[in-house]
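Okay, so here's the structure we're looking at.
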Amino acid sequence: MNIQVTEAPFSKVRKDYIDQRRYTSPEFARLERESLWTVSWHWACREEDIPLVGDYLVYDIGDQSIVVVRTSTEAIEAFHNVCPHRGRRLLTGRGKVTRFHCVFHAWQWDLHGNNTRILDHEQWRGCAGMSTGDMALARVHVGRWAGFVFINMSAEPEPFEEFIQPAPQYLDVLRMEDMRYNWHKAIRVKCNWKVAQEAFMESYHVWGTHPQFLQYSDDKNYSLAEGKHGKHIWTYELPPGTPSRRLGKPPLSLDEVRENFADLQLAFADQLGLGNGDGQFTARSLNAASEAVRELPEGTSMEKAMETAFLAMKSAADEDGAYFPVIPPEHLGTMGHDWNIFPNLGIVWGADGTLVFRGRPDPEDPDNPDVCILEMISLLHWGKGKEPRVEIDDVDDWKNQKDRIPKLLLQDLMNIEEVQRGMHSVGLKALRPNPVQEVQITNFHQVINQYLFD
Ligand code: FES
Ligand SMILES: [Fe+2]
């Protein structure tokens with residue numbers, strides 16, 4: 001067990017211990033602003049957000065704002081979203097430009113950030129550092145993986161290819177670069193960004209928070225650090241369709257487990273999808289699997305039922321012209337079901353879809369450790385030409401807009417604001433994470449420590 005304990009303020013982290021002031025202290029939020037967000041790689045947007053040359057997206061993280069722009073079919077560049085004249089922000093939201101233009105005093109830059117106009121430039125004659133070269137937009141580094149565009153604001157960042165390891169070798173089989181948005185929620189939440197992120201970093205909470213799922217599946221799992229990132233793995237010692245051992249129920253017959261497995265497919269659609277059930281998986285897959293398993297004769301083994309479900313999902317995808325991952329069992333055993341790419345890209349994958357979660361300090365209130373924006377996203381492998389045009393759904397008052405959030409994720413939301421309140425209690429000595437099932441969280445904090453205190 002890692003028993004690293006250092007003495008810098010708030011830095012105490014062990015596999016069974018986290019100082020709760022890391023979530024509540026404005027001082028800690030300040031340290032994150034100065035030493036994490038401006039130094040580490042983090043996920044800014046999807047490539048599909050900016051498909052064509054000149055398409056841009058403004059990524060706001062706390063008090064920092066970055067413009068990510070496609071500059072050629074293949075190239076994506078990023079700049080600090082600020083005018084070097086007197087500091088006006090250049091752009092908001094997303095859109096298309098042929099050049100950057102500051103509306104305050106009309107300075108201009110090309111898509112690569114080169115200054116092309118300083119109005120009345122000759123009036124700076126004799127002033128140091130005022131050439132057009134000096135007045136380029138401040139460049140931000142870009143890294144790309146699996147359709148996700150990352151940025152890094154430091155002058156000399158850790159190479160992206162090193163930072164992202166070892167996630168690609170486990171997750172590339174999903175071909176997330178070919179997935180496209182299904183829905184994208186941006187929810188204003190009263191909790192620290194780490195509380196929101198950690199809601200999707202462990203499955204220890206399933207019995208307490210999502211008990212309705214235990215009738216379909218055993219919930220034994222463990223968690224691992226993977227470089228700066230982390231994952232947790234469901235062991236599936238008992239086949240899906242077997243109720244959790246925690247329920248203490250008499251064992252089901254083989255036919256009942258198989259029936260339950262068919263029901264589980266529909267539960268995924270009902271609990272983690274919206275509309276027709278697209279969410280963590282496509283409804284196309286879930287319906288096909290459920291139907292095919294129900295048609296199997298009595299006495300069919302679970303091994304056969306799982307193979308049948310897989311083949312039904314794959315042929316439904318094939319018919320639709322969509323990719324469906326074929327994951328060898330030896331790979332599935334180690335790839336991890338839920339990942340967190342440091343610091344705030346949560347990936348809870350299905351098969352032909354994935355949920356993505358991101359907690360980030362609220363750009364409207366960046367000094368406040370008690371608020372954040374929690375994004376919940378569904379990405380899918382769509383049939384050819386079937387991907388919809390998706391706008392971000394801003395959910396400002398989630399308690400009164402519950403129908404816009406999948407049922408199971410609503411249960412997670414119900415926790416996180418209460419966790420944040422609880423962390424302010426003078427009756428709380430420290431957080432005591434589970435050293436087996438919540439390693440992803442303690443590793444996350446130890447990596448944050450590397451940025452803040454090393
Ligand atoms: S602040 Fe941008 S041109 Fe003056
Ligand atoms: Fe949950």
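All residue names refer to the structure tokens as shown: chains lettered A, B, ... in order, residues numbered from 1 in each chain, ligands numbered from 1 in order.
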For the interface of chain A with ligand 2 (cut-off 7 Å, counting only C-alpha atoms and all ligand atoms), please tabulate each contacting residue of chain A alongside its nearest pair of atoms and their separation in Å to one decimal, rows sorted by chain and increasing number, as a tab-separated table.
```
residue	atom	partner	partner_atom_place_in_ligand_line	distance
A:Ala199	CA	ligand 2	1 (Fe)	6.2
A:Phe200	CA	ligand 2	1 (Fe)	6.1
A:Ser203	CA	ligand 2	1 (Fe)	7.0
A:His205	CA	ligand 2	1 (Fe)	6.5
A:Val206	CA	ligand 2	1 (Fe)	6.2
A:Thr209	CA	ligand 2	1 (Fe)	6.6
A:His210	CA	ligand 2	1 (Fe)	6.6
A:Leu408	CA	ligand 2	1 (Fe)	6.7
A:Leu409	CA	ligand 2	1 (Fe)	6.2
A:Gln411	CA	ligand 2	1 (Fe)	6.8
A:Asp412	CA	ligand 2	1 (Fe)	4.9
```
Got time to write the residues from that selection, N, CA and C atoms, as a PDB file, in the first residue's frame?
```
ATOM      1  N   ALA A 199     -17.417  11.256  -8.655  1.00  0.00           N
ATOM      2  CA  ALA A 199     -18.682  10.512  -8.657  1.00  0.00           C
ATOM      3  C   ALA A 199     -18.644   9.390  -9.685  1.00  0.00           C
ATOM      4  N   PHE A 200     -17.724   9.506 -10.662  1.00  0.00           N
ATOM      5  CA  PHE A 200     -17.651   8.517 -11.746  1.00  0.00           C
ATOM      6  C   PHE A 200     -16.320   7.767 -11.726  1.00  0.00           C
ATOM      7  N   SER A 203     -17.044   2.339  -8.248  1.00  0.00           N
ATOM      8  CA  SER A 203     -18.345   1.661  -8.244  1.00  0.00           C
ATOM      9  C   SER A 203     -18.712   1.183  -6.845  1.00  0.00           C
ATOM     10  N   HIS A 205     -20.040   2.902  -4.792  1.00  0.00           N
ATOM     11  CA  HIS A 205     -21.298   3.560  -4.412  1.00  0.00           C
ATOM     12  C   HIS A 205     -22.539   2.890  -5.016  1.00  0.00           C
ATOM     13  N   VAL A 206     -22.363   1.827  -5.777  1.00  0.00           N
ATOM     14  CA  VAL A 206     -23.523   1.307  -6.513  1.00  0.00           C
ATOM     15  C   VAL A 206     -24.606   0.789  -5.561  1.00  0.00           C
ATOM     16  N   THR A 209     -26.170   3.955  -3.879  1.00  0.00           N
ATOM     17  CA  THR A 209     -26.757   4.995  -4.730  1.00  0.00           C
ATOM     18  C   THR A 209     -27.648   4.437  -5.835  1.00  0.00           C
ATOM     19  N   HIS A 210     -27.262   3.306  -6.396  1.00  0.00           N
ATOM     20  CA  HIS A 210     -28.023   2.737  -7.527  1.00  0.00           C
ATOM     21  C   HIS A 210     -28.488   1.316  -7.200  1.00  0.00           C
ATOM     22  N   LEU A 408     -30.266   7.220 -13.806  1.00  0.00           N
ATOM     23  CA  LEU A 408     -29.199   6.754 -12.928  1.00  0.00           C
ATOM     24  C   LEU A 408     -28.216   7.884 -12.622  1.00  0.00           C
ATOM     25  N   LEU A 409     -27.994   8.760 -13.590  1.00  0.00           N
ATOM     26  CA  LEU A 409     -27.052   9.864 -13.369  1.00  0.00           C
ATOM     27  C   LEU A 409     -27.645  10.911 -12.435  1.00  0.00           C
ATOM     28  N   GLN A 411     -29.263  10.101  -9.841  1.00  0.00           N
ATOM     29  CA  GLN A 411     -28.942   9.585  -8.505  1.00  0.00           C
ATOM     30  C   GLN A 411     -27.539  10.031  -8.097  1.00  0.00           C
ATOM     31  N   ASP A 412     -26.605  10.094  -9.051  1.00  0.00           N
ATOM     32  CA  ASP A 412     -25.260  10.588  -8.735  1.00  0.00           C
ATOM     33  C   ASP A 412     -25.301  12.070  -8.375  1.00  0.00           C
TER      34      ASP A 412
END
```
Sort by chain and increasing residue number a table of all residues of chain A within 9 Å of ligand 1, each with its closest pair of atoms and their distance in Å to one decimal, counting only C-alpha atoms and all ligand atoms, and write it as JSON lines.
```
{"residue": "A:Val82", "atom": "CA", "partner": "ligand 1", "partner_atom_place_in_ligand_line": "2 (Fe)", "distance": 7.8}
{"residue": "A:Cys83", "atom": "CA", "partner": "ligand 1", "partner_atom_place_in_ligand_line": "2 (Fe)", "distance": 4.7}
{"residue": "A:Pro84", "atom": "CA", "partner": "ligand 1", "partner_atom_place_in_ligand_line": "2 (Fe)", "distance": 6.7}
{"residue": "A:His85", "atom": "CA", "partner": "ligand 1", "partner_atom_place_in_ligand_line": "1 (S)", "distance": 4.7}
{"residue": "A:Arg86", "atom": "CA", "partner": "ligand 1", "partner_atom_place_in_ligand_line": "1 (S)", "distance": 4.0}
{"residue": "A:Gly87", "atom": "CA", "partner": "ligand 1", "partner_atom_place_in_ligand_line": "1 (S)", "distance": 5.1}
{"residue": "A:Arg88", "atom": "CA", "partner": "ligand 1", "partner_atom_place_in_ligand_line": "1 (S)", "distance": 4.6}
{"residue": "A:Arg89", "atom": "CA", "partner": "ligand 1", "partner_atom_place_in_ligand_line": "2 (Fe)", "distance": 7.8}
{"residue": "A:Leu90", "atom": "CA", "partner": "ligand 1", "partner_atom_place_in_ligand_line": "2 (Fe)", "distance": 7.4}
{"residue": "A:His101", "atom": "CA", "partner": "ligand 1", "partner_atom_place_in_ligand_line": "2 (Fe)", "distance": 8.0}
{"residue": "A:Cys102", "atom": "CA", "partner": "ligand 1", "partner_atom_place_in_ligand_line": "2 (Fe)", "distance": 4.6}
{"residue": "A:Val103", "atom": "CA", "partner": "ligand 1", "partner_atom_place_in_ligand_line": "2 (Fe)", "distance": 6.5}
{"residue": "A:Phe104", "atom": "CA", "partner": "ligand 1", "partner_atom_place_in_ligand_line": "4 (Fe)", "distance": 4.8}
{"residue": "A:His105", "atom": "CA", "partner": "ligand 1", "partner_atom_place_in_ligand_line": "3 (S)", "distance": 3.6}
{"residue": "A:Ala106", "atom": "CA", "partner": "ligand 1", "partner_atom_place_in_ligand_line": "3 (S)", "distance": 4.9}
{"residue": "A:Trp107", "atom": "CA", "partner": "ligand 1", "partner_atom_place_in_ligand_line": "3 (S)", "distance": 4.5}
{"residue": "A:Gln108", "atom": "CA", "partner": "ligand 1", "partner_atom_place_in_ligand_line": "3 (S)", "distance": 7.8}
{"residue": "A:Ile118", "atom": "CA", "partner": "ligand 1", "partner_atom_place_in_ligand_line": "3 (S)", "distance": 7.7}
{"residue": "A:Leu119", "atom": "CA", "partner": "ligand 1", "partner_atom_place_in_ligand_line": "3 (S)", "distance": 8.0}
```
Set out as a tab-separated table a contact list for range 417-448 of chain A and range 229-237 of chain A with a cut-off of 9 Å, giving each residue of range 417-448 of chain A that qualifies its closest atom pair and distance in Å to one decimal, counting only C-alpha atoms, ordered by chain and rising residue number.
```
residue	atom	partner	partner_atom	distance
A:Gln437	CA	A:His232	CA	7.5
A:Glu438	CA	A:His232	CA	8.3
A:Val439	CA	A:Gly230	CA	8.0
A:Gln440	CA	A:Gly230	CA	4.9
A:Ile441	CA	A:Gly230	CA	8.0
A:Asn443	CA	A:Gly230	CA	7.2
A:Phe444	CA	A:His229	CA	7.0
A:Val447	CA	A:His229	CA	8.5
```
Lys96 in chain A: which residues within 7 Å, counting only C-alpha atoms, same-chain residues fewer than 6 positions away excluded, as a PyMOL selection string? chain A and resi 54-56
Measuring atom to atom with only C-alpha atoms, identify which of A:Ala155, A:Leu431, A:Val419, A:Ile187 is nearest to Lys402 in chain A.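 Comparing A:Ala155, A:Leu431, A:Val419, A:Ile187 against Lys402 in chain A, the winner is A:Ile187.
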Between CA of Arg258 in chain A and CA of Leu380 in chain A - distance in Å to one decimal: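 Distance reported for this atom pair: 26.4 Å.
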Just the residues within 9 Å of Ile61 in chain A, please, counting only C-alpha atoms, with nothing from its chain fewer than 3 positions along; format it as a ChimeraX atom specification. /A:37,44,64-66,360-363,366
Kindly export the residues of the current selection with C-alpha atoms, as a PDB file, in the first residue's frame.
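Output (part-v3.pdb):
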```
ATOM      1  CA  TRP A  37      -4.751  23.944 -14.840  1.00  0.00           C
ATOM      2  CA  ALA A  44     -10.661  20.878 -24.133  1.00  0.00           C
ATOM      3  CA  GLN A  64      -8.575  30.847 -18.128  1.00  0.00           C
ATOM      4  CA  SER A  65     -10.001  30.860 -21.643  1.00  0.00           C
ATOM      5  CA  ILE A  66      -8.551  29.108 -24.675  1.00  0.00           C
ATOM      6  CA  ARG A 360     -14.437  21.926 -14.233  1.00  0.00           C
ATOM      7  CA  PRO A 361     -14.231  25.037 -12.073  1.00  0.00           C
ATOM      8  CA  ASP A 362     -17.087  27.394 -12.964  1.00  0.00           C
ATOM      9  CA  PRO A 363     -15.792  30.113 -15.334  1.00  0.00           C
ATOM     10  CA  PRO A 366     -13.562  30.661 -10.694  1.00  0.00           C
TER      11      PRO A 366
END
```
Within 6 Å of Val149 in chain A, counting only C-alpha atoms, which residues show up once you throw out same-chain ones fewer than 4 positions away? Write them as a ChimeraX atom specification, please. /A:43-46,143-144
Residues of the last selection are to be written out with all heavy atoms, as a short mmCIF file (atom, residue, chain, number, x, y, z; two decimals), in the first residue's frame.
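Generated file (again_39.cif):
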```cif
data_model
loop_
_atom_site.label_atom_id
_atom_site.label_comp_id
_atom_site.auth_asym_id
_atom_site.auth_seq_id
_atom_site.Cartn_x
_atom_site.Cartn_y
_atom_site.Cartn_z
N TRP A 43 -8.40 17.97 -21.13
CA TRP A 43 -9.25 17.82 -22.31
C TRP A 43 -10.04 19.11 -22.56
O TRP A 43 -10.72 19.60 -21.67
CB TRP A 43 -10.21 16.64 -22.09
CG TRP A 43 -11.27 16.58 -23.15
CD1 TRP A 43 -11.07 16.68 -24.49
CD2 TRP A 43 -12.67 16.45 -22.95
NE1 TRP A 43 -12.28 16.60 -25.14
CE2 TRP A 43 -13.28 16.45 -24.22
CE3 TRP A 43 -13.47 16.30 -21.81
CZ2 TRP A 43 -14.65 16.34 -24.39
CZ3 TRP A 43 -14.85 16.18 -21.98
CH2 TRP A 43 -15.42 16.19 -23.27
N ALA A 44 -9.95 19.64 -23.80
CA ALA A 44 -10.66 20.88 -24.13
C ALA A 44 -11.95 20.62 -24.91
O ALA A 44 -13.00 21.14 -24.57
CB ALA A 44 -9.75 21.79 -24.96
N CYS A 45 -11.87 19.84 -26.00
CA CYS A 45 -13.08 19.61 -26.81
C CYS A 45 -12.90 18.35 -27.64
O CYS A 45 -11.86 17.69 -27.57
CB CYS A 45 -13.35 20.82 -27.73
SG CYS A 45 -12.11 21.08 -29.02
N ARG A 46 -13.91 18.03 -28.42
CA ARG A 46 -13.82 16.90 -29.36
C ARG A 46 -13.44 17.46 -30.73
O ARG A 46 -13.81 18.58 -31.09
CB ARG A 46 -15.19 16.21 -29.47
CG ARG A 46 -15.63 15.52 -28.19
CD ARG A 46 -15.17 14.10 -28.10
NE ARG A 46 -15.57 13.28 -29.22
CZ ARG A 46 -14.96 12.12 -29.54
NH1 ARG A 46 -13.93 11.68 -28.82
NH2 ARG A 46 -15.38 11.41 -30.57
N GLY A 143 -2.74 18.46 -27.88
CA GLY A 143 -2.52 17.01 -28.00
C GLY A 143 -3.83 16.36 -28.42
O GLY A 143 -4.90 16.88 -28.09
N ARG A 144 -3.74 15.27 -29.16
CA ARG A 144 -4.98 14.65 -29.66
C ARG A 144 -4.94 13.15 -29.46
O ARG A 144 -3.93 12.50 -29.73
CB ARG A 144 -5.13 14.97 -31.16
CG ARG A 144 -5.36 16.44 -31.40
CD ARG A 144 -4.94 16.89 -32.78
NE ARG A 144 -5.84 16.42 -33.81
CZ ARG A 144 -5.76 16.82 -35.08
NH1 ARG A 144 -4.83 17.68 -35.46
NH2 ARG A 144 -6.60 16.35 -35.98
#
```
Can you build me a table of range 234-345 of chain A residues sitting at most 12 Å from range 215-224 of chain A, with the closest atom pair per residue and its distance in Å to one decimal, using only C-alpha atoms, sorted by chain and residue number, as a tab-separated table?
```
residue	atom	partner	partner_atom	distance
A:Trp234	CA	A:Asn221	CA	4.2
A:Thr235	CA	A:Asn221	CA	5.5
A:Tyr236	CA	A:Asp218	CA	7.0
A:Glu237	CA	A:Lys220	CA	8.0
A:Leu238	CA	A:Asp218	CA	6.7
A:Pro239	CA	A:Ser217	CA	7.7
A:Pro240	CA	A:Ser217	CA	5.2
A:Gly241	CA	A:Tyr216	CA	4.7
A:Thr242	CA	A:Ser217	CA	5.2
A:Pro243	CA	A:Gln215	CA	4.4
A:Ser244	CA	A:Asp218	CA	3.6
A:Arg245	CA	A:Asp218	CA	6.2
A:Arg246	CA	A:Asp218	CA	8.0
A:Leu247	CA	A:Gln215	CA	7.9
A:Gly248	CA	A:Gln215	CA	10.8
A:Lys249	CA	A:Gln215	CA	9.7
A:Pro251	CA	A:Gln215	CA	11.6
A:Leu252	CA	A:Gln215	CA	10.8
A:Glu256	CA	A:Tyr216	CA	10.7
A:Val257	CA	A:Tyr216	CA	8.4
A:Arg258	CA	A:Tyr216	CA	10.1
A:Glu259	CA	A:Tyr216	CA	9.9
A:Asn260	CA	A:Tyr216	CA	6.1
A:Phe261	CA	A:Tyr216	CA	6.8
A:Ala262	CA	A:Tyr216	CA	9.5
A:Asp263	CA	A:Tyr216	CA	7.8
A:Leu264	CA	A:Tyr216	CA	5.8
A:Gln265	CA	A:Tyr216	CA	9.5
A:Leu266	CA	A:Tyr216	CA	10.9
A:Ala267	CA	A:Tyr216	CA	8.8
A:Phe268	CA	A:Tyr216	CA	10.4
A:Gly333	CA	A:Asn221	CA	11.6
A:Thr334	CA	A:Leu224	CA	10.3
A:Met335	CA	A:Leu224	CA	10.8
A:Gly336	CA	A:Ser223	CA	8.6
A:His337	CA	A:Asn221	CA	9.7
A:Asp338	CA	A:Ser223	CA	9.3
A:Trp339	CA	A:Leu224	CA	9.6
A:Asn340	CA	A:Leu224	CA	10.7
```
Would you mind listing what lies within 9 Å of Leu57 in chain A as an mmCIF file with C-alpha atoms, in the first residue's frame, with only C-alpha atoms counted and same-chain residues fewer than 5 positions away left out?
```
data_model
loop_
_atom_site.group_PDB
_atom_site.id
_atom_site.type_symbol
_atom_site.label_atom_id
_atom_site.label_comp_id
_atom_site.auth_asym_id
_atom_site.auth_seq_id
_atom_site.Cartn_x
_atom_site.Cartn_y
_atom_site.Cartn_z
ATOM 1 C CA ALA A 44 -10.661 20.878 -24.133
ATOM 2 C CA CYS A 45 -13.077 19.614 -26.814
ATOM 3 C CA ASP A 49 -16.672 20.279 -32.374
ATOM 4 C CA ILE A 50 -14.496 21.924 -35.026
ATOM 5 C CA ILE A 66 -8.551 29.108 -24.675
ATOM 6 C CA VAL A 67 -9.593 29.259 -28.353
ATOM 7 C CA VAL A 68 -9.210 25.933 -30.135
ATOM 8 C CA VAL A 69 -9.350 26.292 -33.913
ATOM 9 C CA LEU A 91 -14.233 35.182 -28.791
ATOM 10 C CA THR A 92 -16.987 33.352 -26.953
ATOM 11 C CA GLY A 93 -18.839 30.110 -27.569
ATOM 12 C CA ARG A 94 -18.180 28.494 -30.920
ATOM 13 C CA GLY A 95 -18.372 29.510 -34.561
ATOM 14 C CA LYS A 96 -16.368 30.025 -37.715
#
```
Selection: 6 Å around Arg99 in chain A, only C-alpha atoms, excl. self and same-chain fewer than 2 positions, as a JSON list (two decimals) with C-alpha atoms, in the first residue's frame:
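What follows is the written file result30.json:
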```json
[["chain", "number", "residue", "atom", "x", "y", "z"],
["A", 97, "VAL", "CA", -13.73, 32.63, -38.57],
["A", 109, "TRP", "CA", -4.44, 37.84, -36.71],
["A", 110, "ASP", "CA", -4.51, 34.97, -39.18],
["A", 111, "LEU", "CA", -5.75, 31.52, -38.09]]
```
Rank nothing, just name the residue among A:Phe10, A:Gly129, A:Ser290, A:Lys429 nearest to Glu27 in chain A, using only C-alpha atoms.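 Checking each candidate against Glu27 in chain A, we get A:Phe10 as the closest.
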Record the distance separating CA of Lys399 in chain A and CA of Leu274 in chain A, expressed in Å with one decimal.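 Rounded to one decimal, the two atoms are 17.1 Å apart.
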From a backbone DSSP assignment, name each residue in range 326-434 of chain A labelled strand (DSSP E), as a PyMOL selection string. chain A and resi 338-341+345-349+353-361+372-380+393-395
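Taking CA of Trp193 in chain A as the reference point, CA of Gly227 in chain A is found at 21.1 Å.
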Smallest atom-to-atom distance to Ser301 in chain A: which of A:Leu374, A:Ser253, A:Asp19, A:Gly350, using only C-alpha atoms?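 Closest candidate: A:Ser253.
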Between A:Ala312, A:Leu332, A:Ile405, A:Ala29, smallest distance to Leu171 in chain A by only C-alpha atoms belongs to A:Leu332
Find the residue from A:Leu36, A:Ala283, A:Leu345, A:Val142 that sits nearest to Ala317 in chain A; use only C-alpha atoms when measuring. A:Ala283
